[in-house]
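A quick write-up on the structure given underneath.
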Amino acid sequence: MALKLRQRQRLFRWLMYAIAIVVVVLAILLGDWERIGFNFFNLEVMADMFPEVLTIAARNTILYTLMSFAIGLVGALALALMKLSSIAPYRAFAIAYIELFRGLPALITLILIGFGIPIAFQGIRIPGGRVGAGVIGLSIVAAAYMAETIRAGIEAVPRGQTEAARSLGMSSNRTMFTIVLPQAFRIIIPPLTNEMVLLIKDTSLFFVLGTTPLTKELTKFARDFMIEIRNATPLTVAALVYLAITLPLTWLVRKLEKRAAMSR
Amino acid sequence: MTAVIEIRDLHKYFGDLEVLKGIDFQVEEGEVVCIIGPSGSGKSTLLRCVNRLEEATLGTILIEGDDITDPDADVDSLRTRIGMVFQQFNLFPHLNVIQNLTVAQTKVLKRSKKEAEQVAHDVLERVGLLDKINEYPIRLSGGQQQRVAIARALAMNPDMMLFDEPTSALDPELVGEVLDVMRQLARDGMTMMVVTHEMGFALEVSDRVVFMDDGVVVEEGPPAVVLREPKTERAQRFLRMVTDK
């Protein structure tokens with residue numbers, strides 16, 4: 001019997017609902033909820049994690065992120081200007097740097113700074129110890145990513161702005177710093193905030209450099225806590241704290257993008 | 001007396017395309033010269049060569065006797081003597097009106113903030129926008145933006161002004177207010193070079209009209225002559241087209 005197109009569509013729709021309901025019912029019936037609750041949502045364990053999860057772990061995550069972001073931003077600005085430079089060797093360096101550190105896993109760069117450099121050059125001490133190595137490593141990676149963002153922002157500022165500034169007698173450097181860059185940064189605040197969200201998550205790589213109880217960030221803190229007490233609840237707590245940091249930021253990005261789209 | 005702007009045998013290529021094919025002319029002090037011609041005739045390029053926003057391929061341009069086409073010329077300092085107004089206004093959108101007017105004064109001319117603001121006040125009064133001093137450009141109409149742009153150029157106390165189709169991007173009802181400001185400027189004795197399609201303005205205000213076509217000056221002379229009784233066939237055809245509109 002041939003069904004009409006509309007009937008077939010309706011049947012398909014009901015089938016989809018039925019599958020969803022069956023899956024949910026099965027999960028409720030078959031899941032070992034007691035075990036899941038005990039291992040992932042254990043209130044006693046949660047209580048044990050406070051206040052250190054905030055005063056040490058979350059604080060360190062935010063601190064490492066902000067430091068890497070600040071240093072990375074300065075490096076990114078220098079790289080972006082080099083990439084737009086009329087001097088070919090500068091351009092070549094910027095391109096090589098950006099491609100290299102965007103192409104490598106961040107973990108490799110961290111290990112390079114934390115272990116590779118100290119092994120190769122015995123006399124060199126990374127300032128700030130292991131945390132310093134982590135911050136420098138992440139800054140190097142962040143600079144590569146943000147350089148492209150800044151370059152795109154600079155190129156998005158209309159040429160007429162430069163011409164107007166130059167016609168008033170401003171030098172090309174003065175024009176860049178007082179006229180072009182302030183406008184470029186307004187354009188790129190949303191993508192830069194996205195870079196920060198990525199950085200927040202990348203601080204979880206710091207564990208590879210070794211930590212002390214006071215330098216643990218969220219992931220390492222949760223992992224060690226979990227292993228110590230043989231219960232997975234710390235992962236849930238860490239996840240919630242990460243979301244408490246990243247969700248407001250991504251919400252802010254969406255808002256800024258919407259505003260930018262409207263002013264255009 | 002030396003000319004304020006003296007252009008000698010100016011050639012400009014974009015790649016293989018020759019857009020200026022040997023331009024010679026001078027602008028005397030206090031003179032208002034309107035440059036007219038079909039689009040693509042090279043008039044904007046000519047204007048942009050005068051303050052070296054475009055590099056001349058061949059030839060010289062003297063600004064009050066100083067060669068701005070010389071590779072060793074101090075272009076930034078020469079440009080402070082040449083005000084420029086653009087078709088698209090090009091106000092700095094991240095700065096408010098007073099900051100638009102003071103930024104180059106303080107950073108380039110090294111005037112004190114107080115002095116720069118005094119000058120900004122004076123020129124804003126001249127263009128009739130003193131009440132918009134704290135507005136951002138986006139809040140202004142096109143005509144107001146262009147008047148601020150003129151004020152911004154005037155705040156540098158230039159010896160001459162270049163206008164690159166200053167009313168072409170404006171809604172028709174806003175053209176008048178900008179032309180009024182320019183008219184007043186001409187009356188005050190400013191040396192002006194104006195690329196324009198406003199034939200009425202050219203006829204009324206300019207001392208001389210230059211008709212360009214295909215990279216050369218085809219005809220020049222008093223506005224009444226060039227605009228009313230053009231001698232060349234090309235100028236006649238162009239003027240017929242613009243007046244037919």
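Chain labels A, B, ... are given in the sequence in which chains occur in the structure tokens; within each chain residues are numbered consecutively from 1, and ligands are likewise numbered from 1 in the order shown.
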
Fill in: Near-A:Ala70 list (12 Å; only C-alpha atoms; drop same-chain fewer than 5 positions) as a PyMOL selection string
chain A and resi 63-65+75-77+135-136+138-140+142-143+146+192+195-196+199

Please save N, CA and C atoms of the selected residues as a PDB file, in the first residue's frame.
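To be explicit, this is the file written out as again14.pdb:
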```pdb
ATOM      1  N   LEU A  63      44.791  32.009  36.758  1.00  0.00           N
ATOM      2  CA  LEU A  63      46.058  32.739  36.773  1.00  0.00           C
ATOM      3  C   LEU A  63      46.933  32.340  35.575  1.00  0.00           C
ATOM      4  N   TYR A  64      47.061  31.031  35.347  1.00  0.00           N
ATOM      5  CA  TYR A  64      47.893  30.566  34.228  1.00  0.00           C
ATOM      6  C   TYR A  64      47.320  31.069  32.903  1.00  0.00           C
ATOM      7  N   THR A  65      45.989  31.031  32.806  1.00  0.00           N
ATOM      8  CA  THR A  65      45.348  31.487  31.568  1.00  0.00           C
ATOM      9  C   THR A  65      45.644  32.965  31.320  1.00  0.00           C
ATOM     10  N   GLY A  75      53.200  38.955  22.157  1.00  0.00           N
ATOM     11  CA  GLY A  75      53.920  38.246  21.094  1.00  0.00           C
ATOM     12  C   GLY A  75      53.127  38.237  19.802  1.00  0.00           C
ATOM     13  N   ALA A  76      51.812  38.038  19.920  1.00  0.00           N
ATOM     14  CA  ALA A  76      50.961  37.975  18.738  1.00  0.00           C
ATOM     15  C   ALA A  76      50.962  39.300  17.986  1.00  0.00           C
ATOM     16  N   LEU A  77      50.941  40.402  18.754  1.00  0.00           N
ATOM     17  CA  LEU A  77      50.951  41.721  18.121  1.00  0.00           C
ATOM     18  C   LEU A  77      52.249  41.916  17.335  1.00  0.00           C
ATOM     19  N   VAL A 135      53.715  28.578  31.472  1.00  0.00           N
ATOM     20  CA  VAL A 135      53.164  29.844  30.987  1.00  0.00           C
ATOM     21  C   VAL A 135      53.865  30.268  29.696  1.00  0.00           C
ATOM     22  N   ILE A 136      55.199  30.149  29.673  1.00  0.00           N
ATOM     23  CA  ILE A 136      55.931  30.539  28.466  1.00  0.00           C
ATOM     24  C   ILE A 136      55.535  29.639  27.299  1.00  0.00           C
ATOM     25  N   LEU A 138      52.736  27.935  26.796  1.00  0.00           N
ATOM     26  CA  LEU A 138      51.389  28.253  26.307  1.00  0.00           C
ATOM     27  C   LEU A 138      51.356  29.615  25.607  1.00  0.00           C
ATOM     28  N   SER A 139      52.145  30.577  26.129  1.00  0.00           N
ATOM     29  CA  SER A 139      52.203  31.899  25.490  1.00  0.00           C
ATOM     30  C   SER A 139      52.707  31.778  24.061  1.00  0.00           C
ATOM     31  N   ILE A 140      53.718  30.933  23.892  1.00  0.00           N
ATOM     32  CA  ILE A 140      54.288  30.746  22.548  1.00  0.00           C
ATOM     33  C   ILE A 140      53.219  30.228  21.591  1.00  0.00           C
ATOM     34  N   ALA A 142      49.878  30.378  22.063  1.00  0.00           N
ATOM     35  CA  ALA A 142      48.788  31.354  21.946  1.00  0.00           C
ATOM     36  C   ALA A 142      49.174  32.484  20.996  1.00  0.00           C
ATOM     37  N   ALA A 143      50.442  32.904  21.048  1.00  0.00           N
ATOM     38  CA  ALA A 143      50.903  33.989  20.175  1.00  0.00           C
ATOM     39  C   ALA A 143      50.708  33.613  18.714  1.00  0.00           C
ATOM     40  N   MET A 146      46.904  33.830  17.968  1.00  0.00           N
ATOM     41  CA  MET A 146      46.331  35.170  18.034  1.00  0.00           C
ATOM     42  C   MET A 146      46.946  36.103  16.987  1.00  0.00           C
ATOM     43  N   LEU A 192      39.256  36.918  20.005  1.00  0.00           N
ATOM     44  CA  LEU A 192      40.274  36.833  21.049  1.00  0.00           C
ATOM     45  C   LEU A 192      39.705  36.179  22.310  1.00  0.00           C
ATOM     46  N   GLU A 195      39.880  32.611  21.838  1.00  0.00           N
ATOM     47  CA  GLU A 195      41.238  32.111  22.084  1.00  0.00           C
ATOM     48  C   GLU A 195      41.452  31.898  23.574  1.00  0.00           C
ATOM     49  N   MET A 196      40.876  32.777  24.380  1.00  0.00           N
ATOM     50  CA  MET A 196      41.049  32.654  25.820  1.00  0.00           C
ATOM     51  C   MET A 196      40.355  31.391  26.342  1.00  0.00           C
ATOM     52  N   LEU A 199      42.570  28.623  25.679  1.00  0.00           N
ATOM     53  CA  LEU A 199      43.709  28.643  26.593  1.00  0.00           C
ATOM     54  C   LEU A 199      43.334  28.068  27.956  1.00  0.00           C
TER      55      LEU A 199
END
```

If you count only C-alpha atoms, which residues fall within 9 Å of B:Met193, apart from same-chain ones fewer than 4 positions away, as a JSON list (two decimals) with all heavy atoms, in the first residue's frame?
```json
[["chain", "number", "residue", "atom", "x", "y", "z"],
["B", 27, "VAL", "N", 48.78, 75.95, -9.08],
["B", 27, "VAL", "CA", 47.72, 76.59, -8.32],
["B", 27, "VAL", "C", 48.35, 77.73, -7.54],
["B", 27, "VAL", "O", 49.32, 77.52, -6.80],
["B", 27, "VAL", "CB", 47.03, 75.59, -7.36],
["B", 27, "VAL", "CG1", 45.89, 76.27, -6.62],
["B", 27, "VAL", "CG2", 46.52, 74.37, -8.13],
["B", 31, "GLU", "N", 43.90, 80.63, -4.77],
["B", 31, "GLU", "CA", 43.13, 80.23, -5.95],
["B", 31, "GLU", "C", 42.29, 78.99, -5.66],
["B", 31, "GLU", "O", 42.69, 78.12, -4.92],
["B", 31, "GLU", "CB", 44.09, 79.94, -7.11],
["B", 31, "GLU", "CG", 43.42, 79.92, -8.46],
["B", 31, "GLU", "CD", 44.42, 79.64, -9.59],
["B", 31, "GLU", "OE1", 45.53, 79.15, -9.31],
["B", 31, "GLU", "OE2", 44.07, 79.90, -10.74],
["B", 32, "VAL", "N", 41.10, 78.94, -6.24],
["B", 32, "VAL", "CA", 40.25, 77.76, -6.13],
["B", 32, "VAL", "C", 40.15, 77.12, -7.51],
["B", 32, "VAL", "O", 39.63, 77.74, -8.44],
["B", 32, "VAL", "CB", 38.85, 78.12, -5.61],
["B", 32, "VAL", "CG1", 37.96, 76.87, -5.56],
["B", 32, "VAL", "CG2", 38.93, 78.77, -4.24],
["B", 33, "VAL", "N", 40.69, 75.92, -7.62],
["B", 33, "VAL", "CA", 40.70, 75.23, -8.91],
["B", 33, "VAL", "C", 39.81, 74.00, -8.81],
["B", 33, "VAL", "O", 39.99, 73.16, -7.92],
["B", 33, "VAL", "CB", 42.14, 74.79, -9.30],
["B", 33, "VAL", "CG1", 42.12, 74.00, -10.60],
["B", 33, "VAL", "CG2", 43.04, 76.00, -9.42],
["B", 34, "CYS", "N", 38.83, 73.91, -9.68],
["B", 34, "CYS", "CA", 37.99, 72.72, -9.73],
["B", 34, "CYS", "C", 38.43, 71.84, -10.88],
["B", 34, "CYS", "O", 38.68, 72.31, -11.99],
["B", 34, "CYS", "CB", 36.52, 73.10, -9.93],
["B", 34, "CYS", "SG", 35.74, 73.65, -8.41],
["B", 35, "ILE", "N", 38.54, 70.55, -10.59],
["B", 35, "ILE", "CA", 38.93, 69.59, -11.62],
["B", 35, "ILE", "C", 37.71, 68.76, -11.94],
["B", 35, "ILE", "O", 37.13, 68.12, -11.05],
["B", 35, "ILE", "CB", 40.08, 68.71, -11.14],
["B", 35, "ILE", "CG1", 41.26, 69.59, -10.74],
["B", 35, "ILE", "CG2", 40.50, 67.73, -12.23],
["B", 35, "ILE", "CD1", 42.35, 68.86, -10.03],
["B", 47, "LEU", "N", 44.96, 64.34, -7.74],
["B", 47, "LEU", "CA", 44.84, 64.96, -6.42],
["B", 47, "LEU", "C", 45.65, 64.19, -5.37],
["B", 47, "LEU", "O", 46.32, 64.76, -4.54],
["B", 47, "LEU", "CB", 43.37, 65.01, -6.02],
["B", 47, "LEU", "CG", 42.98, 66.00, -4.94],
["B", 47, "LEU", "CD1", 43.06, 67.41, -5.49],
["B", 47, "LEU", "CD2", 41.59, 65.71, -4.42],
["B", 160, "MET", "N", 46.87, 74.85, 2.16],
["B", 160, "MET", "CA", 46.03, 74.53, 0.99],
["B", 160, "MET", "C", 45.15, 73.33, 1.35],
["B", 160, "MET", "O", 45.45, 72.59, 2.28],
["B", 160, "MET", "CB", 46.91, 74.20, -0.22],
["B", 160, "MET", "CG", 47.68, 72.92, -0.04],
["B", 160, "MET", "SD", 49.23, 72.89, -0.97],
["B", 160, "MET", "CE", 50.30, 73.87, 0.05],
["B", 161, "MET", "N", 44.05, 73.18, 0.61],
["B", 161, "MET", "CA", 43.14, 72.06, 0.86],
["B", 161, "MET", "C", 42.86, 71.31, -0.43],
["B", 161, "MET", "O", 42.62, 71.92, -1.47],
["B", 161, "MET", "CB", 41.81, 72.59, 1.43],
["B", 161, "MET", "CG", 41.88, 73.19, 2.82],
["B", 161, "MET", "SD", 41.83, 71.94, 4.12],
["B", 161, "MET", "CE", 40.12, 71.46, 4.05],
["B", 162, "LEU", "N", 42.87, 69.98, -0.31],
["B", 162, "LEU", "CA", 42.50, 69.14, -1.43],
["B", 162, "LEU", "C", 41.15, 68.48, -1.12],
["B", 162, "LEU", "O", 40.95, 67.97, -0.03],
["B", 162, "LEU", "CB", 43.55, 68.03, -1.64],
["B", 162, "LEU", "CG", 45.02, 68.45, -1.70],
["B", 162, "LEU", "CD1", 45.91, 67.22, -1.85],
["B", 162, "LEU", "CD2", 45.26, 69.42, -2.85],
["B", 163, "PHE", "N", 40.24, 68.53, -2.07],
["B", 163, "PHE", "CA", 38.92, 67.91, -1.88],
["B", 163, "PHE", "C", 38.72, 66.85, -2.95],
["B", 163, "PHE", "O", 38.73, 67.17, -4.14],
["B", 163, "PHE", "CB", 37.80, 68.96, -2.00],
["B", 163, "PHE", "CG", 37.81, 69.97, -0.88],
["B", 163, "PHE", "CD1", 38.62, 71.10, -0.95],
["B", 163, "PHE", "CD2", 36.99, 69.81, 0.22],
["B", 163, "PHE", "CE1", 38.61, 72.03, 0.06],
["B", 163, "PHE", "CE2", 36.98, 70.75, 1.24],
["B", 163, "PHE", "CZ", 37.79, 71.87, 1.17],
["B", 164, "ASP", "N", 38.54, 65.60, -2.52],
["B", 164, "ASP", "CA", 38.38, 64.51, -3.48],
["B", 164, "ASP", "C", 36.90, 64.10, -3.53],
["B", 164, "ASP", "O", 36.45, 63.28, -2.75],
["B", 164, "ASP", "CB", 39.26, 63.32, -3.08],
["B", 164, "ASP", "CG", 39.29, 62.24, -4.14],
["B", 164, "ASP", "OD1", 38.67, 62.44, -5.21],
["B", 164, "ASP", "OD2", 39.94, 61.20, -3.91]]
```

Discussion item. Within 12 Å of chain B, which residues belong to chain A? Use only C-alpha atoms and report them as a ChimeraX atom specification.
Written reply: /A:157-175,177-187,263-264

Discussion item. Could you go through stretch 4-237 of chain B and tell me which residues DSSP, when run on the backbone, assigns to helix (DSSP H, G or I), listing them as a PyMOL selection string?
Written reply: chain B and resi 43-50+75-79+97-107+113-126+130-132+137-139+142-154+172-187+199-205+223-228+233-237

Item to complete: For B:Tyr13, please output as a PyMOL selection string all residues within 10 Å (counting only C-alpha atoms; exclusion window: fewer than 4 positions along the same chain).
Response: chain B and resi 17-21+55-58

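Distances to A:Glu99 were evaluated for A:Ile113, A:Ile56, A:Ala147, A:Leu240 using only C-alpha atoms, and the minimum falls at A:Ala147.
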
Worksheet item: Excluding same-chain residues fewer than 6 positions from A:Thr250, what lies within 9 Å of it counting only C-alpha atoms, as a ChimeraX atom specification?
Response: /A:190,193-194,197

For A:Arg230, find every residue with an atom within 12 Å (counting only C-alpha atoms), except residues of its own chain fewer than 4 positions away, and show them as a PDB file with N, CA and C atoms, in the first residue's frame.
```pdb
ATOM      1  N   PHE A  38      26.962   7.481  43.527  1.00  0.00           N
ATOM      2  CA  PHE A  38      28.027   7.394  44.512  1.00  0.00           C
ATOM      3  C   PHE A  38      29.359   7.830  43.911  1.00  0.00           C
ATOM      4  N   ASN A  39      29.607   7.437  42.654  1.00  0.00           N
ATOM      5  CA  ASN A  39      30.922   7.671  42.057  1.00  0.00           C
ATOM      6  C   ASN A  39      31.084   9.024  41.384  1.00  0.00           C
ATOM      7  N   PHE A  40      29.990   9.588  40.897  1.00  0.00           N
ATOM      8  CA  PHE A  40      30.127  10.851  40.156  1.00  0.00           C
ATOM      9  C   PHE A  40      29.503  12.049  40.867  1.00  0.00           C
ATOM     10  N   ASN A  42      28.972  12.348  44.412  1.00  0.00           N
ATOM     11  CA  ASN A  42      29.088  12.044  45.825  1.00  0.00           C
ATOM     12  C   ASN A  42      29.261  13.334  46.623  1.00  0.00           C
ATOM     13  N   VAL A  45      32.283  13.648  48.960  1.00  0.00           N
ATOM     14  CA  VAL A  45      33.538  13.934  48.249  1.00  0.00           C
ATOM     15  C   VAL A  45      33.567  15.397  47.821  1.00  0.00           C
ATOM     16  N   ALA A 222      41.863  17.585  40.173  1.00  0.00           N
ATOM     17  CA  ALA A 222      40.751  16.635  40.183  1.00  0.00           C
ATOM     18  C   ALA A 222      41.252  15.214  39.979  1.00  0.00           C
ATOM     19  N   ARG A 223      42.221  15.064  39.103  1.00  0.00           N
ATOM     20  CA  ARG A 223      42.736  13.735  38.815  1.00  0.00           C
ATOM     21  C   ARG A 223      43.402  13.130  40.057  1.00  0.00           C
ATOM     22  N   ASP A 224      44.252  13.921  40.704  1.00  0.00           N
ATOM     23  CA  ASP A 224      44.939  13.418  41.893  1.00  0.00           C
ATOM     24  C   ASP A 224      43.949  13.100  42.999  1.00  0.00           C
ATOM     25  N   PHE A 225      42.957  13.959  43.152  1.00  0.00           N
ATOM     26  CA  PHE A 225      41.937  13.752  44.181  1.00  0.00           C
ATOM     27  C   PHE A 225      41.182  12.451  43.909  1.00  0.00           C
ATOM     28  N   MET A 226      40.859  12.242  42.646  1.00  0.00           N
ATOM     29  CA  MET A 226      40.122  11.044  42.238  1.00  0.00           C
ATOM     30  C   MET A 226      40.918   9.775  42.547  1.00  0.00           C
ATOM     31  N   PRO A 234      35.399  14.016  41.757  1.00  0.00           N
ATOM     32  CA  PRO A 234      36.212  15.210  41.464  1.00  0.00           C
ATOM     33  C   PRO A 234      36.170  15.630  39.991  1.00  0.00           C
ATOM     34  N   LEU A 235      36.050  14.635  39.089  1.00  0.00           N
ATOM     35  CA  LEU A 235      35.957  14.993  37.662  1.00  0.00           C
ATOM     36  C   LEU A 235      34.705  15.821  37.403  1.00  0.00           C
TER      37      LEU A 235
END
```

Discussion item. When DSSP is applied to the backbone of this structure, which of stretch 5-236 of chain B are assigned strand (DSSP E or B)? Write them out as a VMD selection string.
Written reply: chain B and resid 5 to 14 17 to 27 32 to 36 58 to 63 66 to 67 82 to 85 160 to 164 191 to 195 208 to 213 216 to 221
